[in-house]
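A.B. asks: Just passing along the structure, written as structure tokens.
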Amino acid sequence: MFNGRRSGQGRQVAVLSHGFGTDQTAWTALRPWFEARFDVISFDLAGCGPQGAERYDFERHGALFGYADDLIDLLDECGVSQCTYIGHSMSGMIGALAAIARPDLFERLVLIGASPRYLDDVDYTGGFKPQDLEGLFQSMSANYQAWVAGFAPMVVGVDDSAVIADFSNTLFQMRPDIALNTSRTIFTSDLRGSAAQVAKPVHVIQAAVDVAVPVQVGQWLAKAIDGATLDVIDAAGHLPHMTAADAVIGILEQRLGGAAH
Amino acid sequence: MTRSDSDALAALCHFAQLASGADRVMAIDIEADGRATWAVSSPTLSFSGFNLARSGIFEHDWRGEPVEAAAFRLPSAILHALGGTPGSVLYIPSPSHGAPLSGLLLLWRHASAPAPMTQQVPMLAASVARLLSARREAAREVIVRNQFEDLFESVPAGIVLIDGDGVGAAINERAAELMACAPGRHRAAELAAPMRALRQRCDNHAELDQAYARQMGDVNFASKLNWTLGERTFEVDTHPVRGNGEHGRIWLFTDVTADLLMAAELRRLASSDPLTGVPNRRHFEECSAQIIAAREAQGHAVAVLMVDVDHFKKINDTHGHPVGDEVLKAVARRCREALRDRDLFARFGGEEFIALLSAPVIDEVPVAAERLRHAIAAEPITVAGVRIPVSISVGGAIGEALPGGDQPLLEELVARADEALYLAKTEGRNRVRMAEPVTA
């Protein structure tokens with residue numbers, strides 16, 4: 001149903017959930033590290049991956065709650081009683097919402113480049129102003145292909161042509177109307193109220209320079225979630241699990257190394 | 001949906017919340033597959049779709065009393081709205097039209113004893129169901145209306161739609177442009193004058209007036225007539241629309257100008273010779289048959305002239321085929337000009353042409369044939385600055401269209417004219433030979 005893939009030698013389950021515009025292939029660089037330590041489950045979010053459009057429901061997935069419900073269904077279907085959850089970008093808050101709804105399913109969460117709110121607010125730096133988002137949605141709907149060509153290198157943030165090509169490919173794979181609706185859902189979300197409700201160990205990983213999620217957002221999250229750790233990678237880009245995998249693995253070793261068995 | 005329906009649902013939720021002491025009460029529109037597509041809540045919240053199919057709620061045997069919430073899997077949106085997991089939950093089914101799983105959902109943060117008035121809340125079910133049904137129906141109507149408006153303006157036809165009561169009417173942009181009035185809603189009476197004015201502007205208005213006058217007062221009247229407006233032609237289709245009254249009627253204006261031009265062009269292409277532009281043999285045979293059939297009734301004479309360009313192969317060999325083609329075009333043009341308008345002239349094949357002279361005076365046939373010969377021989381044909389002397393031979397045959405003749409006249413005339421042409425050729429070309437009259 002979610003085009004899921006399960007592999008690895010560990011007993012503990014690790015769930016890898018990708019972010020907007022990618023699919024589960026985004027975990028290729030990190031997957032071997034997880035496979036050596038965990039029972040790894042990855043999947044494609046609704047609207048993403050080869051058959052993503054079939055699972056996308058414009059109403060259900062008009063809010064991140066719909067994705068959180070999908071995640072809970074997936075864990076129940078796979079018979080997972082507890083997992084270590086690694087979510088990138090939009091999947092960061094999806095995991096947080098699911099962990100609030102069903103705390104029993106989650107042992108700890110790793111949030112890479114996650115954001116509870118993208119718009120600036122009083123005493124909050126989200127990185128975007130309303131007119132930025134209107135411009136983004138307009139150029140997406142005017143010419144999706146042209147938009148991807150500009151958006152992909154900006155989000156990747158470093159001159160890594162292989163990653164830019166992969167990211168562009170998975171973006172092109174999305175149906176443009178679904179991509180537009182998904183980005184509206186993400187960029188207009190405000191889940192700051194939920195962040196404080198997460199009662200599980202959380203590790204926030206954040207790149208120092210990220211056009212989608214400024215470093216202040218990572219700092220805000222780590223502060224809002226009781227006991228959360230924050231690791232800032234000294235690199236640029238919104239996809240550090242693809243462009244700075246070694247740095248991410250270093251952090252995972254430190255934060256999860258003791259947990260895996 | 002009317003504003004008051006959703007307000008009333010919100011008020012019912014609020015009332016249920018006060019009565020039950022629940023932390024959140026939602027009236028939810030839920031389809032048969034468990035999809036919640038709309039909800040109103042007290043306290044208010046913005047709604048995003050979710051699915052309750054696997055929540056366990058619909059499997060439980062509800063008896064109007066809250067039960068422990070741990071047994072149910074509630075969507076994360078609801079938990080978020082509640083600010084955490086509930087202690088107890090109560091579902092009151094209120095099946096609405098088209099959404100059989102709809103109902104009121106009451107949630108308490110803590111599983112304490114509910115307020116005594118809670119047991120009265122299920123009495124709201126019928127009202128909730130009625131309001132949800134009304135909301136669904138209203139939403140459906142909006143969709144249908146939007147779809148209609150989209151269709152109304154996106155079809156390529158002009159449309160005038162008279163309501164069933166005969167009083168109201170709608171006109172789309174294309175029709176409004178034709179009639180020089182504003183698109184949108186009108187009184188039907190206001191549209192009668194511009195429609196009549198348009199008809200009066202048509203070249204065939206007399207014919208149209210007559211056709212429509214016959215149908216005055218017939219509510220079942222249906223017709224498709226072409227309205228000719230200068231160079232443009234509209235096919236105007238009108239028929240009754242069965243709606244909520246007997247006066248419903250639609251007028252569809254479709255611009256068929258391009259179709260008609262295309263059809264005429266196709267007919268022309270099918271009947272003419274592409275090189276010379278004169279009719280081809282097939283067209284000649286069809287027309288001749290008609291002409292002869294008309295003559296037969298009157299017993300008049302008809303004549304056929306067969307024309308052949310002399311030494312045409314030599315012209316081709318000397319100057320090339322493109323020049324040969326130009327010579328054929330010039331021969332066709334000169335012959336056509338040398339004949340009367342009512343004579344039929346066609347390319348018969350190769351360098352052969354044929355003419356049918358209708359109702360000729362017998363003595364004039366050789367004169368006409370000689371006129372053709374002279375038209376070619378008198379002046380060389382100039383192609384790309386080269387003067388080429390050309391001549392033709394002509395064979396003619398005259399016949400009388402007699403009723404009951406046992407051989408089709410045209411075939412006979414063509415055969416005799418061909419023989420005469422052969423003689424003209426053997427006698428030295430550039431001359432006319434008439435076939436001997438047939439002796440009965």
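Order determines the names: the first chain of the structure tokens is A, the second B, and so forth; residues in each chain are numbered 1 upward, and ligands are numbered 1 upward as they are shown.
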For chain A against chain B, with a cut-off of 9 Å and counting only C-alpha atoms, what is the closest atom pair and its distance in Å to one decimal for every residue that makes the cut, ordered by chain and number, as CSV?
C.D. replies:
```
residue,atom,partner,partner_atom,distance
A:Asp57,CA,B:Gly49,CA,8.8
A:Phe58,CA,B:Gly49,CA,8.4
A:Glu59,CA,B:Gly49,CA,4.7
A:Arg60,CA,B:Gly49,CA,4.2
A:His61,CA,B:Gly49,CA,7.3
A:Gly62,CA,B:Ser48,CA,6.2
A:Ala63,CA,B:Ser48,CA,5.9
A:Leu64,CA,B:Ala77,CA,8.6
A:Phe65,CA,B:Ala77,CA,5.2
A:Gly66,CA,B:Phe50,CA,6.1
A:Ala68,CA,B:Ser76,CA,6.6
A:Asp69,CA,B:Pro75,CA,6.0
A:Asp73,CA,B:Arg54,CA,8.8
A:Leu97,CA,B:Ser76,CA,6.6
A:Ala98,CA,B:Ser76,CA,6.6
A:Ile100,CA,B:Gly84,CA,7.0
A:Ala101,CA,B:Ser76,CA,5.4
A:Arg102,CA,B:Thr85,CA,8.5
A:Gly193,CA,B:Gly83,CA,8.8
A:Ser194,CA,B:His80,CA,7.2
A:Gln197,CA,B:Gly84,CA,7.8
```
A.B. asks: Applying 7 Å and only C-alpha atoms, which residues near range 201-207 of chain A remain after dropping the ones on its own chain fewer than 5 positions away? List them as a list of chain:residue names.
C.D. replies: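 The residues that qualify are A:Arg108, A:Leu109, A:Val110, A:Leu111, A:Ile112, A:Gly113, A:Val215, A:Gly218, A:Ala222, A:Gly227, A:Ala228, A:Thr229, A:Leu230, A:Asp231, A:Val232, A:Ile233, A:Asp234, A:Ala235, A:Ala236, A:Gly237, A:His238, A:Pro240.
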A.B. asks: By how many Å are CA of Leu344 in chain B and CA of Ser272 in chain B apart?
C.D. replies: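 Answer for the CA of Leu344 in chain B to CA of Ser272 in chain B separation: 12.5 Å.
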A.B. asks: Which of range 98-229 of chain A counts as strand (DSSP E or B) under DSSP, as a VMD selection string please?
C.D. replies: chain A and resid 106 to 112 117 119 121 124 128 190 202 to 209 229
A.B. asks: Take the residues just selected and output them with C-alpha atoms as a CSV table (one decimal), in the first residue's frame.
C.D. replies:
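The resulting result-v2.csv:
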```
chain,number,residue,atom,x,y,z
A,106,PHE,CA,7.5,5.5,19.1
A,107,GLU,CA,10.6,5.1,21.2
A,108,ARG,CA,12.5,8.1,19.8
A,109,LEU,CA,12.4,10.5,16.9
A,110,VAL,CA,15.1,11.9,14.7
A,111,LEU,CA,14.0,15.0,12.8
A,112,ILE,CA,16.1,16.2,9.9
A,117,ARG,CA,5.9,26.6,10.7
A,119,LEU,CA,5.9,31.6,7.9
A,121,ASP,CA,5.5,35.3,13.0
A,124,TYR,CA,9.4,33.4,15.4
A,128,PHE,CA,9.1,32.8,4.7
A,190,ASP,CA,1.5,25.7,11.9
A,202,VAL,CA,13.8,13.8,20.0
A,203,HIS,CA,17.1,14.5,18.2
A,204,VAL,CA,16.9,17.5,15.8
A,205,ILE,CA,19.4,17.6,13.0
A,206,GLN,CA,19.7,20.8,11.0
A,207,ALA,CA,22.1,22.2,8.3
A,208,ALA,CA,23.6,25.5,9.1
A,209,VAL,CA,22.4,27.0,5.9
A,229,THR,CA,19.0,17.5,21.3
```
A.B. asks: Extract, using only C-alpha atoms, all DNA, RNA and protein residues at most 12 Å from Val367 in chain B, discarding same-chain residues fewer than 4 positions from it, and format them as a compact mmCIF listing (two decimals) with C-alpha atoms, in the first residue's frame.
C.D. replies:
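Output saved as selection-v7.txt:
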```txt
# COMPACT_ATOMS: atom_id res chain seq x y z
CA LEU B 305 -17.45 17.80 -79.66
CA ALA B 338 -14.77 30.18 -77.19
CA LEU B 339 -17.89 28.35 -75.93
CA LEU B 357 -23.62 21.80 -76.55
CA PRO B 360 -28.03 23.82 -80.48
CA VAL B 361 -29.32 24.81 -83.86
CA ILE B 362 -27.89 22.01 -86.01
CA ASP B 363 -26.09 24.34 -88.43
CA ARG B 371 -14.48 28.47 -83.48
CA LEU B 372 -12.63 26.10 -81.10
CA ARG B 373 -10.11 25.07 -83.74
CA HIS B 374 -9.45 28.69 -84.67
CA VAL B 394 -12.25 18.33 -83.49
CA GLY B 396 -18.47 16.40 -83.67
CA ARG B 431 -9.45 20.50 -88.79
CA VAL B 432 -13.06 19.79 -87.89
CA ARG B 433 -14.96 16.69 -88.95
CA MET B 434 -18.63 16.14 -88.28
```
A.B. asks: Enumerate, as a VMD selection string, the complete set of residues in range 174-258 of chain A that a backbone-based DSSP assignment places in helix (DSSP H, G or I).
C.D. replies: chain A and resid 176 to 187 192 to 195 215 to 224 240 to 243 245 to 256
A.B. asks: Could you take the residues named above and write them with N, CA and C atoms, as a CSV table (one decimal), in the first residue's frame?
C.D. replies:
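The result, written out as out.csv:
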```csv
chain,number,residue,atom,x,y,z
A,176,PRO,N,1.8,17.5,-11.0
A,176,PRO,CA,2.0,18.9,-10.6
A,176,PRO,C,0.8,19.4,-9.6
A,177,ASP,N,-0.4,18.9,-9.9
A,177,ASP,CA,-1.5,19.4,-9.0
A,177,ASP,C,-1.3,18.9,-7.6
A,178,ILE,N,-0.8,17.7,-7.5
A,178,ILE,CA,-0.5,17.1,-6.1
A,178,ILE,C,0.7,17.8,-5.5
A,179,ALA,N,1.7,18.1,-6.3
A,179,ALA,CA,2.9,18.8,-5.7
A,179,ALA,C,2.5,20.1,-5.2
A,180,LEU,N,1.6,20.8,-6.0
A,180,LEU,CA,1.2,22.1,-5.5
A,180,LEU,C,0.4,22.0,-4.2
A,181,ASN,N,-0.6,21.1,-4.2
A,181,ASN,CA,-1.4,21.0,-3.0
A,181,ASN,C,-0.5,20.5,-1.8
A,182,THR,N,0.4,19.7,-2.0
A,182,THR,CA,1.3,19.2,-1.0
A,182,THR,C,2.1,20.4,-0.4
A,183,SER,N,2.7,21.2,-1.3
A,183,SER,CA,3.5,22.3,-0.8
A,183,SER,C,2.6,23.3,-0.1
A,184,ARG,N,1.4,23.5,-0.6
A,184,ARG,CA,0.5,24.4,0.2
A,184,ARG,C,0.2,23.9,1.6
A,185,THR,N,0.0,22.5,1.7
A,185,THR,CA,-0.3,21.9,3.0
A,185,THR,C,0.9,22.1,3.9
A,186,ILE,N,2.1,21.9,3.4
A,186,ILE,CA,3.3,22.1,4.2
A,186,ILE,C,3.6,23.5,4.6
A,187,PHE,N,3.6,24.4,3.6
A,187,PHE,CA,4.0,25.8,3.9
A,187,PHE,C,3.0,26.6,4.7
A,192,ARG,N,3.2,24.5,15.8
A,192,ARG,CA,4.1,24.8,16.9
A,192,ARG,C,3.4,24.3,18.2
A,193,GLY,N,2.1,24.3,18.3
A,193,GLY,CA,1.4,23.9,19.5
A,193,GLY,C,1.6,22.4,19.7
A,194,SER,N,1.8,21.6,18.6
A,194,SER,CA,2.0,20.2,18.8
A,194,SER,C,3.4,19.8,19.3
A,195,ALA,N,4.3,20.7,18.9
A,195,ALA,CA,5.7,20.3,19.2
A,195,ALA,C,5.9,20.1,20.7
A,215,VAL,N,18.2,27.9,10.4
A,215,VAL,CA,18.8,27.3,11.6
A,215,VAL,C,18.0,27.7,12.9
A,216,GLN,N,17.4,28.9,12.8
A,216,GLN,CA,16.6,29.3,14.0
A,216,GLN,C,15.4,28.4,14.3
A,217,VAL,N,14.9,27.7,13.2
A,217,VAL,CA,13.7,26.8,13.3
A,217,VAL,C,14.2,25.6,14.1
A,218,GLY,N,15.4,25.1,13.8
A,218,GLY,CA,15.9,23.9,14.5
A,218,GLY,C,16.1,24.3,16.0
A,219,GLN,N,16.6,25.4,16.2
A,219,GLN,CA,16.8,25.9,17.5
A,219,GLN,C,15.5,26.0,18.3
A,220,TRP,N,14.5,26.5,17.6
A,220,TRP,CA,13.2,26.7,18.2
A,220,TRP,C,12.6,25.3,18.6
A,221,LEU,N,12.7,24.3,17.6
A,221,LEU,CA,12.1,23.0,17.9
A,221,LEU,C,12.8,22.3,19.1
A,222,ALA,N,14.1,22.4,19.1
A,222,ALA,CA,14.9,21.7,20.1
A,222,ALA,C,14.5,22.3,21.5
A,223,LYS,N,14.2,23.6,21.5
A,223,LYS,CA,13.9,24.3,22.8
A,223,LYS,C,12.4,23.9,23.2
A,224,ALA,N,11.6,23.8,22.2
A,224,ALA,CA,10.1,23.6,22.5
A,224,ALA,C,9.9,22.2,22.9
A,240,PRO,N,20.6,17.2,3.8
A,240,PRO,CA,21.9,16.8,4.3
A,240,PRO,C,22.1,15.2,4.3
A,241,HIS,N,21.0,14.5,4.4
A,241,HIS,CA,21.0,13.0,4.4
A,241,HIS,C,21.5,12.5,3.0
A,242,MET,N,21.4,13.4,2.0
A,242,MET,CA,21.9,13.1,0.7
A,242,MET,C,23.2,13.7,0.3
A,243,THR,N,23.4,15.0,0.8
A,243,THR,CA,24.6,15.7,0.4
A,243,THR,C,25.7,15.7,1.4
A,245,ALA,N,26.0,13.0,3.9
A,245,ALA,CA,25.6,11.7,4.6
A,245,ALA,C,26.6,11.4,5.7
A,246,ASP,N,27.9,11.6,5.5
A,246,ASP,CA,28.9,11.3,6.5
A,246,ASP,C,28.7,12.1,7.8
A,247,ALA,N,28.4,13.4,7.7
A,247,ALA,CA,28.2,14.2,8.8
A,247,ALA,C,26.9,13.7,9.6
A,248,VAL,N,25.9,13.3,8.8
A,248,VAL,CA,24.6,12.9,9.4
A,248,VAL,C,24.9,11.5,10.2
A,249,ILE,N,25.7,10.7,9.5
A,249,ILE,CA,26.0,9.4,10.1
A,249,ILE,C,26.8,9.6,11.5
A,250,GLY,N,27.7,10.5,11.4
A,250,GLY,CA,28.4,10.9,12.6
A,250,GLY,C,27.5,11.2,13.8
A,251,ILE,N,26.5,12.0,13.5
A,251,ILE,CA,25.5,12.4,14.5
A,251,ILE,C,24.7,11.2,15.0
A,252,LEU,N,24.3,10.4,14.0
A,252,LEU,CA,23.5,9.2,14.3
A,252,LEU,C,24.2,8.3,15.2
A,253,GLU,N,25.6,8.1,14.9
A,253,GLU,CA,26.4,7.2,15.7
A,253,GLU,C,26.3,7.7,17.2
A,254,GLN,N,26.5,9.0,17.3
A,254,GLN,CA,26.5,9.6,18.7
A,254,GLN,C,25.2,9.5,19.4
A,255,ARG,N,24.1,9.8,18.6
A,255,ARG,CA,22.7,9.8,19.3
A,255,ARG,C,22.0,8.5,19.3
A,256,LEU,N,22.2,7.6,18.3
A,256,LEU,CA,21.5,6.4,18.3
A,256,LEU,C,22.4,5.2,18.5
```
A.B. asks: What's the 12 Å shell around Asp61 in chain B, counting only C-alpha atoms, without same-chain residues fewer than 5 positions away, as a PDB file with C-alpha atoms, in the first residue's frame?
C.D. replies:
```
ATOM      1  CA  GLY B  56     -13.413   0.995  15.606  1.00  0.00           C
ATOM      2  CA  PRO B  66     -19.671   7.401  26.783  1.00  0.00           C
ATOM      3  CA  VAL B  67     -17.136   4.574  26.905  1.00  0.00           C
ATOM      4  CA  LEU B  90     -19.386   8.879  22.702  1.00  0.00           C
ATOM      5  CA  TYR B  91     -20.644   8.515  19.139  1.00  0.00           C
ATOM      6  CA  ILE B  92     -24.258   9.255  18.260  1.00  0.00           C
ATOM      7  CA  PRO B  93     -25.092   7.981  14.757  1.00  0.00           C
TER       8      PRO B  93
END
```
A.B. asks: So which residues touch Met123 in chain B within 10 Å, counting only C-alpha atoms, skipping near sequence neighbours fewer than 4 positions away, as a list of chain:residue names?
C.D. replies: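 So the residues in contact are B:Gly64, B:Ile92, B:Gln119, B:Ser127, B:Val128.
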A.B. asks: Tell me, as a ChimeraX atom specification, which residues lie within 6 Å of Gly87 in chain B, counting only C-alpha atoms; anything in the same chain fewer than 5 positions away does not count.
C.D. replies: /B:69,108-111
A.B. asks: Using only C-alpha atoms, determine which residues lie at most 9 Å from Leu191 in chain B, disregarding the query and same-chain residues fewer than 5 positions distant; provide the list as a PDB file with N, CA and C atoms, in the first residue's frame.
C.D. replies:
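Result file out-v6.pdb:
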```pdb
ATOM      1  N   VAL B 160     -29.033  30.268 -25.869  1.00  0.00           N
ATOM      2  CA  VAL B 160     -30.073  31.003 -25.151  1.00  0.00           C
ATOM      3  C   VAL B 160     -30.942  29.935 -24.504  1.00  0.00           C
ATOM      4  N   ALA B 169     -34.471  33.673 -18.300  1.00  0.00           N
ATOM      5  CA  ALA B 169     -33.663  33.147 -19.396  1.00  0.00           C
ATOM      6  C   ALA B 169     -32.199  33.434 -19.117  1.00  0.00           C
ATOM      7  N   ILE B 171     -28.300  33.686 -21.172  1.00  0.00           N
ATOM      8  CA  ILE B 171     -27.652  33.764 -22.488  1.00  0.00           C
ATOM      9  C   ILE B 171     -26.149  33.748 -22.260  1.00  0.00           C
ATOM     10  N   MET B 179     -26.042  38.790 -30.506  1.00  0.00           N
ATOM     11  CA  MET B 179     -27.276  39.569 -30.389  1.00  0.00           C
ATOM     12  C   MET B 179     -27.031  40.947 -29.818  1.00  0.00           C
ATOM     13  N   CYS B 181     -26.154  41.933 -26.846  1.00  0.00           N
ATOM     14  CA  CYS B 181     -26.745  42.239 -25.543  1.00  0.00           C
ATOM     15  C   CYS B 181     -25.800  41.675 -24.482  1.00  0.00           C
ATOM     16  N   HIS B 186     -31.484  37.106 -17.868  1.00  0.00           N
ATOM     17  CA  HIS B 186     -32.386  38.138 -18.387  1.00  0.00           C
ATOM     18  C   HIS B 186     -33.808  37.660 -18.153  1.00  0.00           C
ATOM     19  N   ARG B 196     -35.094  38.445 -32.474  1.00  0.00           N
ATOM     20  CA  ARG B 196     -35.828  38.765 -33.701  1.00  0.00           C
ATOM     21  C   ARG B 196     -34.977  39.673 -34.592  1.00  0.00           C
TER      22      ARG B 196
END
```
A.B. asks: In Å, how far is it from CA of Pro100 in chain B to CA of Glu68 in chain B?
C.D. replies: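 Separating CA of Pro100 in chain B from CA of Glu68 in chain B is a distance of 24.3 Å.
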A.B. asks: How far is it from CA of Ile94 in chain A to CA of Leu191 in chain A, in Å with one decimal?
C.D. replies: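 Here the two named atoms are 9.9 Å from each other.
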A.B. asks: Could you tell me which of B:Met195, B:Leu413, B:Ala294, B:Met26 comes closest to Gly158 in chain B if we count only C-alpha atoms?
C.D. replies: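 Result for the nearest residue to Gly158 in chain B: B:Met195.
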